[in-house]
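K.L.:
The structure that follows is given in the form of structure tokens.
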Amino acid sequence: MTDTTAQTLKDRARTRIEADSKSLLAVSHEIFEEPELAFEEVKSAARLADLLEDGGMKVERAIHGLETAFRGTAGELGPHVVICAEYDALPEIGHACGHNIIGTSSVGAGLALSELADDLGIRVTVLGTPAEEGGGGKVELMNAGAFDDATVSMMVHPAPLEVVDMPCLAIARAEVTYHGMEAHASAFPERGLNALDAVNLSYSAIAALRQHISRSERIHGIITHGGDAPNVVPKMASATYYIRARNLEDLKALKARVIRCFEAGALATGCELELVWAGHDYSDLFTNPTIAEFYDSNLQNLGRSALPRQVMEAYAGSTDMGNVSFAVPSIHPMMGINSLPAVNHQADFARHTISADGDKAVVDAALAMAWTTIDLATTPGAFDKVRAEFEAGPPTETRFS
Ligand SMILES: [Zn+2]
Ligand SMILES: [Zn+2]
């Protein structure tokens with residue numbers, strides 16, 4: 001196909017996304033108004049699936065045994081583009097990660113591509129992926145085969161700043177419970193085994209460890225239960241920790257060091273340690289260079305310019321899209337919503353996801369993903385190049401220097 005044809009298709013995508021923008025933004029605001037937590041995103045998933053169905057895509061709901069997962073599909077033959085939609089929120093602070101923008105922009109891109117799929121010779125899926133903030137819906141879906149015939153995958157995440165190749169850390173989640181013995185805290189303290197002390201000692205041990213880990217590594221936690229009454233020696237206390245490192249291999253080594261801190265609390269107090277690794281470990285993110293290059297040039301056509309990866313390495317988070325990116329060539333760029341000083345996981349950031357800039361990100365992210373897919377499908381050899389890069393693996397020297 002000639003570039004003129006690609007441009008015509010991009011113009012058609014823009015026309016469709018602009019026509020759909022009113023309903024996309026309405027749903028982004030509705031999801032914002034009723035935030036739902038991981039695996040409980042019943043209304044949010046239904047709203048997005050309804051948009052896909054009303055827009056003419058074939059929709060399946062509650063797929064692969066996950067009630068809040070769904071897919072909308074179009075196209076019969078050719079490379080398969082899977083666009084991931086997220087829509088889960090955070091406890092207390094609602095859509096402070098802006099997944100209302102992710103869900104609606106992915107639906108917008110999918111609908112635009114659905115009417116071009118046959119012209120492009122591709123298949124398009126919008127995959128509703130629950131529980132990114134905890135649980136790992138994409139990993140569940142991947143294990144169930146939802147990405148098996150995907151050629152490429154993509155999604156766009158809102159952020160304070162614009163970045164195409166987002167540095168992301170591998171992450172594990174530890175649920176720690178100490179079991180001790182209750183006793184009267186004044187009359188018979190010698191008969192108690194203090195589980196809160198065990199949590200406290202492990203917390204302090206981790207705080208000490210933190211000074212001697214790599215700059216890119218992170219350990220952070222909260223105490224989820226600290227006892228029931230001051231005059232009863234706590235027989236049970238618990239904590240949840242997130243542990244992050246630059247890849248799964250480093251994560252394994254760091255987990256071993258953190259486990260020793262957990263064990264220290266049990267050893268010192270005589271309590272019993274119960275350790276559960278919750279959900280799925282997320283891997284780091286392997287951004288495909290060719291998809292990223294197309295995305296970046298489309299971003300520039302939208303008047304946006306991205307910061308280089310290295311600038312963002314100090315600000316890394318984690319995502320279950322990381323696991324997808326090691327199974328399917330993928331991108332997971334961050335799109336700026338002009339929120340500073342508010343950043344992700346602050347209540348103020350949530351408000352920015354429905355501002356004029358938040359709404360613009362829904363439309364721009366949909367356009368950037370649709371146009372990137374059009375570039376991939378109309379540039380001879382592009383999918384082969386993507387595949388070759390994927391098979392070569394990530395360039396280690398540019399990851400968390
Ligand atoms: Zn988040
Ligand atoms: Zn997020």
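Identifiers in the structure tokens: chain A, B, ... in order shown; residue index from 1 per chain; ligand index from 1 in order shown.
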Using only C-alpha atoms and all ligand atoms, what table do you get, as a Markdown table, when you list each residue of chain A with an atom no more than 8 Å from ligand 2, its nearest pair of atoms, and their distance in Å rounded to one decimal, rows by chain then rising number?

P.N.:
```
| residue | atom | partner | partner_atom_place_in_ligand_line | distance |
| --- | --- | --- | --- | --- |
| A:Cys97 | CA | ligand 2 | 1 (Zn) | 4.5 |
| A:Gly98 | CA | ligand 2 | 1 (Zn) | 6.5 |
| A:His99 | CA | ligand 2 | 1 (Zn) | 6.0 |
| A:Glu132 | CA | ligand 2 | 1 (Zn) | 6.9 |
| A:Glu133 | CA | ligand 2 | 1 (Zn) | 6.5 |
| A:His157 | CA | ligand 2 | 1 (Zn) | 6.6 |
| A:Pro158 | CA | ligand 2 | 1 (Zn) | 7.7 |
| A:Thr319 | CA | ligand 2 | 1 (Zn) | 7.3 |
| A:Asn344 | CA | ligand 2 | 1 (Zn) | 7.6 |
```

K.L.:
Would you export the selected residues with C-alpha atoms as a PDB file, in the first residue's frame, please?

P.N.:
```pdb
ATOM      1  CA  CYS A  97      -4.314   5.849  38.179  1.00  0.00           C
ATOM      2  CA  GLY A  98      -6.655   6.966  35.384  1.00  0.00           C
ATOM      3  CA  HIS A  99      -7.755   3.555  34.166  1.00  0.00           C
ATOM      4  CA  GLU A 132      -4.129  -4.376  37.043  1.00  0.00           C
ATOM      5  CA  GLU A 133      -3.687  -2.681  40.430  1.00  0.00           C
ATOM      6  CA  HIS A 157      -1.583   4.728  30.320  1.00  0.00           C
ATOM      7  CA  PRO A 158      -2.192   8.283  31.591  1.00  0.00           C
ATOM      8  CA  THR A 319       2.289  -3.353  35.270  1.00  0.00           C
ATOM      9  CA  ASN A 344      -0.472   8.783  39.836  1.00  0.00           C
TER      10      ASN A 344
END
```

K.L.:
Could you list, with a cut-off of 12 Å and counting only C-alpha atoms and all ligand atoms, the residues of chain A near ligand 1, each shown with its nearest atom pair and the distance in Å rounded to one decimal, rows sorted by chain and ascending number, as a tab-separated table?

P.N.:
```
residue	atom	partner	partner_atom_place_in_ligand_line	distance
A:Leu37	CA	ligand 1	1 (Zn)	11.7
A:Ala38	CA	ligand 1	1 (Zn)	11.4
A:Glu86	CA	ligand 1	1 (Zn)	10.5
A:Tyr87	CA	ligand 1	1 (Zn)	10.7
A:Asp88	CA	ligand 1	1 (Zn)	9.1
A:Ala89	CA	ligand 1	1 (Zn)	8.1
A:Leu90	CA	ligand 1	1 (Zn)	7.6
A:Pro91	CA	ligand 1	1 (Zn)	11.0
A:Ile93	CA	ligand 1	1 (Zn)	10.8
A:Gly94	CA	ligand 1	1 (Zn)	10.5
A:His95	CA	ligand 1	1 (Zn)	8.7
A:Ala96	CA	ligand 1	1 (Zn)	7.3
A:Cys97	CA	ligand 1	1 (Zn)	4.5
A:Gly98	CA	ligand 1	1 (Zn)	7.8
A:His99	CA	ligand 1	1 (Zn)	8.1
A:Asn100	CA	ligand 1	1 (Zn)	11.6
A:Ile102	CA	ligand 1	1 (Zn)	11.4
A:Ala131	CA	ligand 1	1 (Zn)	10.3
A:Glu132	CA	ligand 1	1 (Zn)	7.6
A:Glu133	CA	ligand 1	1 (Zn)	5.6
A:Gly134	CA	ligand 1	1 (Zn)	9.1
A:His157	CA	ligand 1	1 (Zn)	9.3
A:Pro158	CA	ligand 1	1 (Zn)	9.7
A:Ala159	CA	ligand 1	1 (Zn)	9.8
A:Cys168	CA	ligand 1	1 (Zn)	11.8
A:Ala316	CA	ligand 1	1 (Zn)	11.2
A:Gly317	CA	ligand 1	1 (Zn)	7.9
A:Ser318	CA	ligand 1	1 (Zn)	8.1
A:Thr319	CA	ligand 1	1 (Zn)	8.1
A:Asp320	CA	ligand 1	1 (Zn)	10.8
A:Met334	CA	ligand 1	1 (Zn)	11.8
A:Val343	CA	ligand 1	1 (Zn)	10.3
A:Asn344	CA	ligand 1	1 (Zn)	6.5
A:His345	CA	ligand 1	1 (Zn)	6.2
A:Gln346	CA	ligand 1	1 (Zn)	9.9
A:Ala347	CA	ligand 1	1 (Zn)	11.9
A:Phe349	CA	ligand 1	1 (Zn)	10.9
A:Ala350	CA	ligand 1	1 (Zn)	10.9
```

K.L.:
Output N, CA and C atoms for every residue in the selection just made, as an mmCIF file, in the first residue's frame.

P.N.:
```
data_model
loop_
_atom_site.group_PDB
_atom_site.id
_atom_site.type_symbol
_atom_site.label_atom_id
_atom_site.label_comp_id
_atom_site.auth_asym_id
_atom_site.auth_seq_id
_atom_site.Cartn_x
_atom_site.Cartn_y
_atom_site.Cartn_z
ATOM 1 N N LEU A 37 -13.041 -1.831 42.355
ATOM 2 C CA LEU A 37 -11.741 -2.434 42.634
ATOM 3 C C LEU A 37 -11.512 -3.694 41.789
ATOM 4 N N ALA A 38 -10.274 -4.166 41.841
ATOM 5 C CA ALA A 38 -9.825 -5.334 41.086
ATOM 6 C C ALA A 38 -10.816 -6.494 41.141
ATOM 7 N N GLU A 86 -7.921 -1.381 30.469
ATOM 8 C CA GLU A 86 -7.964 -1.508 31.939
ATOM 9 C C GLU A 86 -9.058 -0.595 32.474
ATOM 10 N N TYR A 87 -9.611 -0.947 33.654
ATOM 11 C CA TYR A 87 -10.716 -0.137 34.207
ATOM 12 C C TYR A 87 -10.866 -0.322 35.706
ATOM 13 N N ASP A 88 -9.849 -0.900 36.380
ATOM 14 C CA ASP A 88 -9.958 -1.040 37.843
ATOM 15 C C ASP A 88 -9.446 0.219 38.541
ATOM 16 N N ALA A 89 -9.922 0.415 39.784
ATOM 17 C CA ALA A 89 -9.579 1.607 40.563
ATOM 18 C C ALA A 89 -8.809 1.198 41.816
ATOM 19 N N LEU A 90 -8.447 2.193 42.608
ATOM 20 C CA LEU A 90 -7.676 1.972 43.843
ATOM 21 C C LEU A 90 -8.576 2.170 45.062
ATOM 22 N N PRO A 91 -8.287 1.464 46.176
ATOM 23 C CA PRO A 91 -9.076 1.691 47.395
ATOM 24 C C PRO A 91 -8.944 3.145 47.851
ATOM 25 N N ILE A 93 -8.943 6.071 46.893
ATOM 26 C CA ILE A 93 -8.608 7.214 46.033
ATOM 27 C C ILE A 93 -9.140 7.046 44.610
ATOM 28 N N GLY A 94 -10.006 6.067 44.401
ATOM 29 C CA GLY A 94 -10.732 5.928 43.134
ATOM 30 C C GLY A 94 -9.820 5.794 41.916
ATOM 31 N N HIS A 95 -10.142 6.568 40.854
ATOM 32 C CA HIS A 95 -9.389 6.430 39.608
ATOM 33 C C HIS A 95 -8.131 7.296 39.597
ATOM 34 N N ALA A 96 -7.366 7.158 40.676
ATOM 35 C CA ALA A 96 -6.130 7.914 40.816
ATOM 36 C C ALA A 96 -5.008 7.362 39.937
ATOM 37 N N CYS A 97 -5.292 6.306 39.179
ATOM 38 C CA CYS A 97 -4.314 5.849 38.179
ATOM 39 C C CYS A 97 -4.880 6.068 36.781
ATOM 40 N N GLY A 98 -6.100 6.584 36.688
ATOM 41 C CA GLY A 98 -6.655 6.966 35.384
ATOM 42 C C GLY A 98 -7.025 5.820 34.472
ATOM 43 N N HIS A 99 -7.412 4.681 35.030
ATOM 44 C CA HIS A 99 -7.755 3.555 34.166
ATOM 45 C C HIS A 99 -9.065 3.787 33.410
ATOM 46 N N ASN A 100 -9.853 4.787 33.835
ATOM 47 C CA ASN A 100 -11.018 5.199 33.037
ATOM 48 C C ASN A 100 -10.574 5.710 31.664
ATOM 49 N N ILE A 102 -7.746 4.677 30.172
ATOM 50 C CA ILE A 102 -7.206 3.510 29.439
ATOM 51 C C ILE A 102 -8.346 2.741 28.764
ATOM 52 N N ALA A 131 -8.264 -5.906 36.974
ATOM 53 C CA ALA A 131 -7.341 -6.104 38.094
ATOM 54 C C ALA A 131 -5.870 -5.872 37.780
ATOM 55 N N GLU A 132 -5.547 -4.688 37.231
ATOM 56 C CA GLU A 132 -4.129 -4.376 37.043
ATOM 57 C C GLU A 132 -3.488 -3.929 38.348
ATOM 58 N N GLU A 133 -4.257 -3.231 39.185
ATOM 59 C CA GLU A 133 -3.687 -2.681 40.430
ATOM 60 C C GLU A 133 -3.420 -3.754 41.479
ATOM 61 N N GLY A 134 -3.808 -4.962 41.236
ATOM 62 C CA GLY A 134 -3.569 -6.047 42.177
ATOM 63 C C GLY A 134 -4.311 -7.261 41.673
ATOM 64 N N HIS A 157 -1.279 4.422 28.910
ATOM 65 C CA HIS A 157 -1.583 4.728 30.320
ATOM 66 C C HIS A 157 -1.411 6.222 30.588
ATOM 67 N N PRO A 158 -2.368 6.868 31.266
ATOM 68 C CA PRO A 158 -2.192 8.283 31.591
ATOM 69 C C PRO A 158 -1.132 8.499 32.664
ATOM 70 N N ALA A 159 -0.474 9.665 32.612
ATOM 71 C CA ALA A 159 0.627 9.975 33.531
ATOM 72 C C ALA A 159 0.806 11.490 33.569
ATOM 73 N N CYS A 168 9.562 -0.045 33.567
ATOM 74 C CA CYS A 168 8.703 -0.679 34.581
ATOM 75 C C CYS A 168 9.487 -1.760 35.301
ATOM 76 N N ALA A 316 9.913 4.659 37.998
ATOM 77 C CA ALA A 316 9.308 3.436 37.468
ATOM 78 C C ALA A 316 8.208 2.893 38.368
ATOM 79 N N GLY A 317 7.144 2.408 37.758
ATOM 80 C CA GLY A 317 6.117 1.649 38.453
ATOM 81 C C GLY A 317 6.169 0.213 37.957
ATOM 82 N N SER A 318 5.035 -0.454 37.962
ATOM 83 C CA SER A 318 4.965 -1.840 37.499
ATOM 84 C C SER A 318 3.618 -2.058 36.832
ATOM 85 N N THR A 319 3.551 -3.053 35.944
ATOM 86 C CA THR A 319 2.289 -3.353 35.270
ATOM 87 C C THR A 319 2.249 -4.804 34.819
ATOM 88 N N ASP A 320 1.044 -5.382 34.803
ATOM 89 C CA ASP A 320 0.921 -6.747 34.285
ATOM 90 C C ASP A 320 1.039 -6.777 32.754
ATOM 91 N N MET A 334 3.118 6.002 28.201
ATOM 92 C CA MET A 334 2.410 6.847 29.150
ATOM 93 C C MET A 334 2.053 8.152 28.427
ATOM 94 N N VAL A 343 0.477 13.451 40.844
ATOM 95 C CA VAL A 343 1.023 12.263 40.175
ATOM 96 C C VAL A 343 0.113 11.064 40.437
ATOM 97 N N ASN A 344 0.333 9.999 39.693
ATOM 98 C CA ASN A 344 -0.472 8.783 39.836
ATOM 99 C C ASN A 344 -0.550 8.338 41.302
ATOM 100 N N HIS A 345 -1.700 7.833 41.658
ATOM 101 C CA HIS A 345 -1.995 7.332 43.009
ATOM 102 C C HIS A 345 -2.127 8.462 44.024
ATOM 103 N N GLN A 346 -2.443 9.671 43.548
ATOM 104 C CA GLN A 346 -2.878 10.763 44.420
ATOM 105 C C GLN A 346 -4.305 11.117 44.024
ATOM 106 N N ALA A 347 -5.097 11.505 45.031
ATOM 107 C CA ALA A 347 -6.502 11.824 44.754
ATOM 108 C C ALA A 347 -6.625 12.943 43.719
ATOM 109 N N PHE A 349 -4.759 13.461 41.190
ATOM 110 C CA PHE A 349 -4.545 12.914 39.845
ATOM 111 C C PHE A 349 -5.865 12.390 39.283
ATOM 112 N N ALA A 350 -6.667 11.769 40.159
ATOM 113 C CA ALA A 350 -7.969 11.252 39.711
ATOM 114 C C ALA A 350 -8.794 12.368 39.082
#
```

K.L.:
I'd like the contact shell of Ala253 of chain A - 12 Å cut-off, only C-alpha atoms, skipping same-chain residues fewer than 4 positions apart - returned as a ChimeraX atom specification.

P.N.:
/A:172,213-214,217,243-249,257-260

K.L.:
Quick one: everything within 6 Å of Thr125 of chain A, counting only C-alpha atoms, minus sequence neighbours fewer than 6 positions away in the same chain. Send it as a list in words.

P.N.:
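Once the nearby chain positions are removed, what remains is Gly72, Thr73 and Val82 of chain A.
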
K.L.:
Based on DSSP run over this structure's backbone, return all residues of segment 47-76 of chain A in helix (DSSP H, G or I), as a ChimeraX atom specification.

P.N.:
/A:47-54,63-65

K.L.:
When distances are computed from only C-alpha atoms, which of A:Arg123, A:Arg47, A:Arg173, A:His280 shows the smallest separation from Leu141 of chain A?

P.N.:
A:His280

K.L.:
With only C-alpha atoms as the basis for distance, which of A:Ser283, A:Ser305, A:Asn323, A:Ser153 is at the shortest distance from Thr373 of chain A?

P.N.:
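When distances to Thr373 of chain A are compared using only C-alpha atoms, the smallest one comes from A:Ser153.
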
K.L.:
Please provide as a short mmCIF file (atom, residue, chain, number, x, y, z; two decimals) with N, CA and C atoms, in the first residue's frame all residues within 12 Å of Glu140 of chain A, with the sequence filter that same-chain residues fewer than 6 positions apart are discarded (counting only C-alpha atoms).

P.N.:
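result_11.cif, freshly written:
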```cif
data_model
loop_
_atom_site.label_atom_id
_atom_site.label_comp_id
_atom_site.auth_asym_id
_atom_site.auth_seq_id
_atom_site.Cartn_x
_atom_site.Cartn_y
_atom_site.Cartn_z
N PHE A 39 -11.16 -7.03 39.98
CA PHE A 39 -12.06 -8.17 39.79
C PHE A 39 -13.51 -7.88 40.20
N ILE A 63 -15.29 -13.62 29.92
CA ILE A 63 -14.50 -14.63 29.20
C ILE A 63 -13.47 -15.30 30.13
N HIS A 64 -13.09 -16.50 29.75
CA HIS A 64 -12.04 -17.28 30.45
C HIS A 64 -12.28 -17.37 31.95
N GLY A 65 -13.55 -17.42 32.35
CA GLY A 65 -13.87 -17.59 33.76
C GLY A 65 -13.68 -16.34 34.60
N LEU A 66 -13.39 -15.21 33.98
CA LEU A 66 -13.26 -13.95 34.74
C LEU A 66 -14.49 -13.10 34.46
N ALA A 69 -13.89 -9.69 32.71
CA ALA A 69 -13.08 -9.64 31.49
C ALA A 69 -14.03 -9.75 30.30
N THR A 129 -9.23 -6.22 30.38
CA THR A 129 -8.32 -6.91 31.31
C THR A 129 -8.50 -6.35 32.73
N PRO A 130 -9.16 -7.08 33.61
CA PRO A 130 -9.41 -6.58 34.96
C PRO A 130 -8.15 -6.59 35.83
N ALA A 131 -8.26 -5.91 36.97
CA ALA A 131 -7.34 -6.10 38.09
C ALA A 131 -5.87 -5.87 37.78
N GLU A 132 -5.55 -4.69 37.23
CA GLU A 132 -4.13 -4.38 37.04
C GLU A 132 -3.49 -3.93 38.35
N GLY A 134 -3.81 -4.96 41.24
CA GLY A 134 -3.57 -6.05 42.18
C GLY A 134 -4.31 -7.26 41.67
N ALA A 146 -5.74 -16.16 26.18
CA ALA A 146 -6.34 -14.99 25.52
C ALA A 146 -5.38 -14.26 24.58
N PHE A 147 -4.07 -14.47 24.75
CA PHE A 147 -3.10 -13.79 23.88
C PHE A 147 -2.44 -14.77 22.90
N GLY A 279 -1.49 -13.02 44.20
CA GLY A 279 -1.64 -12.73 42.77
C GLY A 279 -0.48 -13.30 41.96
N HIS A 280 -0.13 -12.60 40.89
CA HIS A 280 0.98 -13.04 40.04
C HIS A 280 2.10 -12.02 40.13
N ASP A 281 3.34 -12.50 40.12
CA ASP A 281 4.45 -11.56 39.97
C ASP A 281 4.33 -10.91 38.59
N TYR A 282 4.58 -9.60 38.54
CA TYR A 282 4.61 -8.91 37.24
C TYR A 282 6.07 -8.83 36.79
N ASP A 320 1.04 -5.38 34.80
CA ASP A 320 0.92 -6.75 34.28
C ASP A 320 1.04 -6.78 32.75
N MET A 321 1.09 -5.58 32.13
CA MET A 321 1.39 -5.54 30.70
C MET A 321 2.84 -6.01 30.47
N ASN A 323 4.20 -8.71 31.72
CA ASN A 323 4.13 -10.15 31.41
C ASN A 323 3.69 -10.36 29.97
N VAL A 324 2.72 -9.55 29.52
CA VAL A 324 2.25 -9.65 28.12
C VAL A 324 3.40 -9.34 27.17
#
```

K.L.:
Using only C-alpha atoms for the distances, tell me which of A:Gly75, A:Gly336, A:Gly128, A:Pro189 is nearest to Pro234 of chain A.

P.N.:
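The closest residue to Pro234 of chain A is A:Pro189.
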
K.L.:
For the contact check between segment 286-383 of chain A and segment 4-14 of chain A, emit one row per residue of segment 286-383 of chain A within 8 Å, containing the shortest atom pair and the distance in Å rounded to one decimal, counting only C-alpha atoms, chain then rising number order, as a Markdown table.

P.N.:
```
| residue | atom | partner | partner_atom | distance |
| --- | --- | --- | --- | --- |
| A:Leu367 | CA | A:Arg14 | CA | 6.5 |
| A:Ala370 | CA | A:Ala13 | CA | 6.8 |
| A:Trp371 | CA | A:Lys10 | CA | 5.8 |
| A:Ile374 | CA | A:Ala6 | CA | 6.6 |
| A:Asp375 | CA | A:Ala6 | CA | 7.0 |
| A:Thr378 | CA | A:Ala6 | CA | 6.4 |
```

K.L.:
Dump C-alpha atoms for the selected residues as a PDB file, in the first residue's frame?

P.N.:
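The new file part-v8.pdb reads:
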```
ATOM      1  CA  LEU A 367      -5.805   8.052  17.633  1.00  0.00           C
ATOM      2  CA  ALA A 370      -5.216   3.337  15.698  1.00  0.00           C
ATOM      3  CA  TRP A 371      -2.615   5.160  13.597  1.00  0.00           C
ATOM      4  CA  ILE A 374      -2.371   1.388  10.459  1.00  0.00           C
ATOM      5  CA  ASP A 375       1.386   2.019  10.116  1.00  0.00           C
ATOM      6  CA  THR A 378       0.593  -0.702   5.698  1.00  0.00           C
TER       7      THR A 378
END
```

K.L.:
To one decimal place in Å, what is the distance between atom CA of Ala109 of chain A and atom CA of Ala356 of chain A?

P.N.:
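Atom CA of Ala109 of chain A sits 19.3 Å away from atom CA of Ala356 of chain A.
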
K.L.:
Could you pull out the residues in segment 147-394 of chain A that DSSP calls strand (DSSP E or B) from the backbone, as a PyMOL selection string?

P.N.:
chain A and resi 152-154+157-159+163+168+170-179+181+184+193+218-225+232+236-245+272-282+287+307+317+330-331+334-336

K.L.:
Do a neighbour search on segment 48-61 of chain A at 10 Å with only C-alpha atoms, toss out local chain neighbours closer than 5 positions, and write the hits as a ChimeraX atom specification.

P.N.:
/A:20,23-24,27-28,31,43,66-75,85-87,100,103-104,106-108,110-112,114-115,124-128

K.L.:
I'd like the contact shell of Ala278 of chain A - 10 Å cut-off, only C-alpha atoms, skipping same-chain residues fewer than 5 positions apart - returned as a PyMOL selection string.

P.N.:
chain A and resi 134-136+172-175+240-242

K.L.:
Rank nothing, just name the residue among A:Pro79, A:Gly226, A:Pro329, A:Pro167 nearest to Asn288 of chain A, using only C-alpha atoms.

P.N.:
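Checking each of A:Pro79, A:Gly226, A:Pro329, A:Pro167 against Asn288 of chain A, counting only C-alpha atoms, the winner is A:Pro329.
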
K.L.:
What separation in Å, quoted to one decimal, exists between atom CA of Glu182 of chain A and atom CA of Pro230 of chain A?

P.N.:
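So the answer is 11.2 Å.
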
K.L.:
Restricting the calculation to only C-alpha atoms, which member of A:Trp277, A:Phe294, A:Phe32, A:Phe326 is positioned closest to Asp359 of chain A?

P.N.:
A:Phe32

K.L.:
Between A:Glu190, A:Glu162, A:Asp197, A:Glu76, which residue has the minimum interatomic distance to Asp119 of chain A, considering only C-alpha atoms?

P.N.:
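Answer, going by the shortest atom-to-atom distance: A:Glu76.
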